[in-house]
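First comes the structure, then the notes that go with it.
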Amino acid sequence: MDYETIQVSKEGMIGTITLNRPQAMNALSNKLVTELISALADFEKDEGVRCLVITGSEKAFSAGADIKEMAGMTAVQMTMTGHFFPLWDKVGRYPKPIVGALSGFVLGGGLELAMSFDVLVASETAQFGQPEIDIGVMPGGGGTQRLTRAVGKYKAMEMILTGERIGAEEAKTLGLVSRVVPKESYLEEAKKVANEIASKSPVAVRHAKMAINKAFEMGLGGGIDFERELFYLLFASEDKNEGMNAFMEKRKPAFKGK
Ligand code: HXC
């Protein structure tokens, strides 16, 4: 499908979505959000795609929600359109793993979007922030919750109440990103991680992702019980037999997602 504000491509088992509004630092306009939801839905259905990479440009992953579109909106319009809720819902419950390839500005709704991905590869130039306070609002796409869980109360308070940005190395130290690499290789590195994940059993990957995400929703006891049920369930998969037999036969497994 042809899109205006994103680019979509497929290489082997990896689907890549590139945010593409260079004139606006990849601000999340309504059009971009609608197109992103549509591309996510297509890759979800595509059995050949096992892992996604979502990226922006070297200058900006995304500078957040489109302020020019939001400026004229009333509280009632925000509520009635459910501003971006379908995106958070789609990406927050996405069954396939998503690797974020982040460079430049990762701000506001852009950071909130990235924080709902699964593995984050950042360029050394990436800058992370929740600057909503500077325009008289606050994060509204999960930022107060996900950032706090990622970096703890005091850093989250500092970032959200002052709007100040942090750099990639600090983000890594705080546990906000998975790895930091030179700016020339962040996309390539993200694709490498995605290919690594795609070589595993898609059934095991899907269930492991689900179990990790439950850590944010359940207490420890409930989460451990949930994990154990999924672990046992994987013993019904062909991939479990393939993985364990391949180990014993000293060969590489060929997982089928069955
Ligand atoms: C609309 C944006 C934009 C945004 C940048 N632009 N960010 N347009 N919405 N979020 C546009 C600028 O208006 C400008 O357009 C062009 O992109 C280049 O930006 P500049 O500001 O000229 O670039 P620079 O000086 O390098 O500064 C980059 C920047 C700054 C630091 C990223 O643009 C900035 O602070 N942007 C806003 C960041 C922000 O507040 N994000 C939070 C949004 S609220 P023109 O036409 O002038 O060339 C949010 C809430 C989410 O995300 C809630 C969940 C839904």
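Ordering of the structure tokens sets the chain letters (A, B, ...); residue numbers start at 1 within each chain; ligands are numbered from 1 in the order shown.
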Neighbouring residues of Lys155 (chain A) were defined as those with any atom within 12 Å, considering only C-alpha atoms; residues of the same chain fewer than 3 positions away were excluded. Please report them as a PDB file with N, CA, C and O atoms, in the first residue's frame.
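Resulting contents of result12.pdb:
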```pdb
ATOM      1  N   GLY A 129      13.075  12.922  25.745  1.00  0.00           N
ATOM      2  CA  GLY A 129      12.451  13.866  26.669  1.00  0.00           C
ATOM      3  C   GLY A 129      10.938  13.830  26.590  1.00  0.00           C
ATOM      4  O   GLY A 129      10.344  13.337  25.623  1.00  0.00           O
ATOM      5  N   GLN A 130      10.320  14.341  27.650  1.00  0.00           N
ATOM      6  CA  GLN A 130       8.860  14.525  27.682  1.00  0.00           C
ATOM      7  C   GLN A 130       8.630  16.023  27.889  1.00  0.00           C
ATOM      8  O   GLN A 130       8.431  16.477  29.014  1.00  0.00           O
ATOM      9  N   THR A 144       3.765   9.032  31.750  1.00  0.00           N
ATOM     10  CA  THR A 144       3.924   9.099  33.216  1.00  0.00           C
ATOM     11  C   THR A 144       4.065   7.698  33.809  1.00  0.00           C
ATOM     12  O   THR A 144       4.707   7.519  34.839  1.00  0.00           O
ATOM     13  N   LEU A 147       7.582   5.718  31.589  1.00  0.00           N
ATOM     14  CA  LEU A 147       8.878   6.316  31.921  1.00  0.00           C
ATOM     15  C   LEU A 147       9.204   6.048  33.397  1.00  0.00           C
ATOM     16  O   LEU A 147      10.341   5.721  33.741  1.00  0.00           O
ATOM     17  N   THR A 148       8.208   6.170  34.256  1.00  0.00           N
ATOM     18  CA  THR A 148       8.424   5.939  35.684  1.00  0.00           C
ATOM     19  C   THR A 148       8.852   4.502  35.942  1.00  0.00           C
ATOM     20  O   THR A 148       9.764   4.241  36.735  1.00  0.00           O
ATOM     21  N   ARG A 149       8.221   3.565  35.241  1.00  0.00           N
ATOM     22  CA  ARG A 149       8.621   2.162  35.412  1.00  0.00           C
ATOM     23  C   ARG A 149      10.031   1.927  34.878  1.00  0.00           C
ATOM     24  O   ARG A 149      10.769   1.095  35.391  1.00  0.00           O
ATOM     25  N   ALA A 150      10.394   2.649  33.812  1.00  0.00           N
ATOM     26  CA  ALA A 150      11.715   2.419  33.211  1.00  0.00           C
ATOM     27  C   ALA A 150      12.835   3.053  34.033  1.00  0.00           C
ATOM     28  O   ALA A 150      13.867   2.425  34.247  1.00  0.00           O
ATOM     29  N   VAL A 151      12.630   4.295  34.497  1.00  0.00           N
ATOM     30  CA  VAL A 151      13.770   5.010  35.106  1.00  0.00           C
ATOM     31  C   VAL A 151      13.575   5.326  36.584  1.00  0.00           C
ATOM     32  O   VAL A 151      14.472   5.875  37.217  1.00  0.00           O
ATOM     33  N   GLY A 152      12.406   4.990  37.132  1.00  0.00           N
ATOM     34  CA  GLY A 152      12.150   5.279  38.549  1.00  0.00           C
ATOM     35  C   GLY A 152      11.516   6.648  38.731  1.00  0.00           C
ATOM     36  O   GLY A 152      11.535   7.503  37.839  1.00  0.00           O
ATOM     37  N   GLU A 158      11.822  14.433  37.328  1.00  0.00           N
ATOM     38  CA  GLU A 158      12.702  15.488  36.810  1.00  0.00           C
ATOM     39  C   GLU A 158      12.432  15.724  35.319  1.00  0.00           C
ATOM     40  O   GLU A 158      12.254  16.864  34.882  1.00  0.00           O
ATOM     41  N   MET A 159      12.376  14.627  34.556  1.00  0.00           N
ATOM     42  CA  MET A 159      12.191  14.778  33.107  1.00  0.00           C
ATOM     43  C   MET A 159      10.818  15.364  32.759  1.00  0.00           C
ATOM     44  O   MET A 159      10.696  16.230  31.897  1.00  0.00           O
ATOM     45  N   ILE A 160       9.785  14.877  33.440  1.00  0.00           N
ATOM     46  CA  ILE A 160       8.422  15.301  33.072  1.00  0.00           C
ATOM     47  C   ILE A 160       8.094  16.695  33.618  1.00  0.00           C
ATOM     48  O   ILE A 160       7.422  17.480  32.963  1.00  0.00           O
ATOM     49  N   LEU A 161       8.619  17.034  34.807  1.00  0.00           N
ATOM     50  CA  LEU A 161       8.293  18.348  35.388  1.00  0.00           C
ATOM     51  C   LEU A 161       9.163  19.477  34.851  1.00  0.00           C
ATOM     52  O   LEU A 161       8.749  20.632  34.850  1.00  0.00           O
ATOM     53  N   THR A 162      10.382  19.137  34.377  1.00  0.00           N
ATOM     54  CA  THR A 162      11.230  20.201  33.809  1.00  0.00           C
ATOM     55  C   THR A 162      11.206  20.192  32.285  1.00  0.00           C
ATOM     56  O   THR A 162      11.558  21.179  31.655  1.00  0.00           O
ATOM     57  N   GLY A 163      10.847  19.070  31.686  1.00  0.00           N
ATOM     58  CA  GLY A 163      10.864  18.961  30.223  1.00  0.00           C
ATOM     59  C   GLY A 163      12.255  18.774  29.654  1.00  0.00           C
ATOM     60  O   GLY A 163      12.441  18.760  28.433  1.00  0.00           O
ATOM     61  N   GLU A 164      13.259  18.636  30.532  1.00  0.00           N
ATOM     62  CA  GLU A 164      14.643  18.529  30.041  1.00  0.00           C
ATOM     63  C   GLU A 164      14.910  17.198  29.359  1.00  0.00           C
ATOM     64  O   GLU A 164      14.365  16.170  29.754  1.00  0.00           O
ATOM     65  N   ARG A 165      15.792  17.265  28.369  1.00  0.00           N
ATOM     66  CA  ARG A 165      16.116  16.050  27.613  1.00  0.00           C
ATOM     67  C   ARG A 165      17.348  15.379  28.196  1.00  0.00           C
ATOM     68  O   ARG A 165      18.200  16.037  28.779  1.00  0.00           O
ATOM     69  N   ILE A 166      17.443  14.062  27.975  1.00  0.00           N
ATOM     70  CA  ILE A 166      18.665  13.349  28.336  1.00  0.00           C
ATOM     71  C   ILE A 166      19.251  12.722  27.076  1.00  0.00           C
ATOM     72  O   ILE A 166      18.534  12.463  26.106  1.00  0.00           O
ATOM     73  N   GLU A 170      23.062   8.428  28.884  1.00  0.00           N
ATOM     74  CA  GLU A 170      22.328   8.481  30.152  1.00  0.00           C
ATOM     75  C   GLU A 170      21.079   7.591  30.070  1.00  0.00           C
ATOM     76  O   GLU A 170      20.751   6.881  31.030  1.00  0.00           O
ATOM     77  N   ALA A 171      20.429   7.615  28.916  1.00  0.00           N
ATOM     78  CA  ALA A 171      19.232   6.774  28.737  1.00  0.00           C
ATOM     79  C   ALA A 171      19.589   5.297  28.920  1.00  0.00           C
ATOM     80  O   ALA A 171      18.842   4.525  29.523  1.00  0.00           O
ATOM     81  N   THR A 173      22.195   4.107  30.694  1.00  0.00           N
ATOM     82  CA  THR A 173      22.510   3.881  32.110  1.00  0.00           C
ATOM     83  C   THR A 173      21.224   3.731  32.930  1.00  0.00           C
ATOM     84  O   THR A 173      21.156   2.932  33.864  1.00  0.00           O
ATOM     85  N   LEU A 174      20.202   4.502  32.558  1.00  0.00           N
ATOM     86  CA  LEU A 174      18.942   4.464  33.308  1.00  0.00           C
ATOM     87  C   LEU A 174      18.057   3.265  32.941  1.00  0.00           C
ATOM     88  O   LEU A 174      17.038   3.040  33.568  1.00  0.00           O
ATOM     89  N   GLY A 175      18.434   2.555  31.896  1.00  0.00           N
ATOM     90  CA  GLY A 175      17.620   1.417  31.470  1.00  0.00           C
ATOM     91  C   GLY A 175      16.488   1.804  30.544  1.00  0.00           C
ATOM     92  O   GLY A 175      15.526   1.056  30.351  1.00  0.00           O
ATOM     93  N   LEU A 176      16.587   2.986  29.928  1.00  0.00           N
ATOM     94  CA  LEU A 176      15.520   3.431  29.021  1.00  0.00           C
ATOM     95  C   LEU A 176      15.702   2.891  27.606  1.00  0.00           C
ATOM     96  O   LEU A 176      14.756   2.856  26.831  1.00  0.00           O
TER      97      LEU A 176
END
```
Taking only C-alpha atoms and all ligand atoms into account, which residues have an atom no farther than 8 Å from ligand 1? I'd like them as an MDAnalysis selection string. chainID A and resid 22:29 60 62:69 83:85 105 107:110 112 130:132 134:135 137:142
Only C-alpha atoms, please: the residues just picked out, written as a tab-separated table (two decimals), in the first residue's frame.
```tsv
chain	number	residue	atom	x	y	z
A	22	PRO	CA	10.87	15.28	7.56
A	23	GLN	CA	9.39	18.79	7.38
A	24	ALA	CA	7.87	18.33	10.85
A	25	MET	CA	10.48	16.23	12.69
A	26	ASN	CA	8.20	13.22	12.21
A	27	ALA	CA	5.53	14.77	14.43
A	28	LEU	CA	2.68	12.33	14.92
A	29	SER	CA	-0.16	13.81	12.88
A	60	ALA	CA	14.36	12.76	14.54
A	62	SER	CA	9.69	11.77	16.32
A	63	ALA	CA	9.21	15.13	18.08
A	64	GLY	CA	5.86	13.95	19.47
A	65	ALA	CA	2.24	14.66	18.73
A	66	ASP	CA	1.64	17.28	16.05
A	67	ILE	CA	1.25	20.47	18.10
A	68	LYS	CA	-0.15	22.41	15.12
A	69	GLU	CA	-3.02	19.91	14.85
A	83	HIS	CA	-6.84	11.18	20.43
A	84	PHE	CA	-4.28	8.50	19.48
A	85	PHE	CA	-5.86	5.90	21.74
A	105	PHE	CA	14.82	13.74	18.80
A	107	LEU	CA	10.26	13.48	22.37
A	108	GLY	CA	6.80	13.54	23.89
A	109	GLY	CA	4.48	11.15	22.06
A	110	GLY	CA	7.55	9.98	20.12
A	112	GLU	CA	5.83	7.29	24.46
A	130	GLN	CA	8.86	14.52	27.68
A	131	PRO	CA	8.62	18.28	26.94
A	132	GLU	CA	4.81	18.50	27.16
A	134	ASP	CA	6.66	23.39	28.14
A	135	ILE	CA	3.46	23.65	26.10
A	137	VAL	CA	0.14	20.00	29.12
A	138	MET	CA	1.54	16.67	30.29
A	139	PRO	CA	2.31	13.28	28.73
A	140	GLY	CA	-0.87	11.56	27.56
A	141	GLY	CA	0.33	8.45	25.76
A	142	GLY	CA	1.55	6.43	28.72
```
I'd like the neighbourhood of Lys192 (chain A) as a ChimeraX atom specification, where a residue qualifies if any of its atoms comes within 12 Å (using only C-alpha atoms), though same-chain residues fewer than 3 positions away should be ignored. /A:11,13-14,51-53,99-101,119,121,185-189,195-199
Measuring between only C-alpha atoms, which one of A:Ala215, A:Gly82, A:Asn20, A:Glu124 shows the shortest distance to Glu184 (chain A)? A:Glu124
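Counting from CA of Thr79 (chain A), the distance to CA of Val33 (chain A) is 16.5 Å.
When the distance limit is 8 Å and only C-alpha atoms are what count, the residues near Val203 (chain A), minus those fewer than 6 positions from it on the same chain, are Leu234, Ser237, Asp239, Gly257 and Lys258 of chain A.
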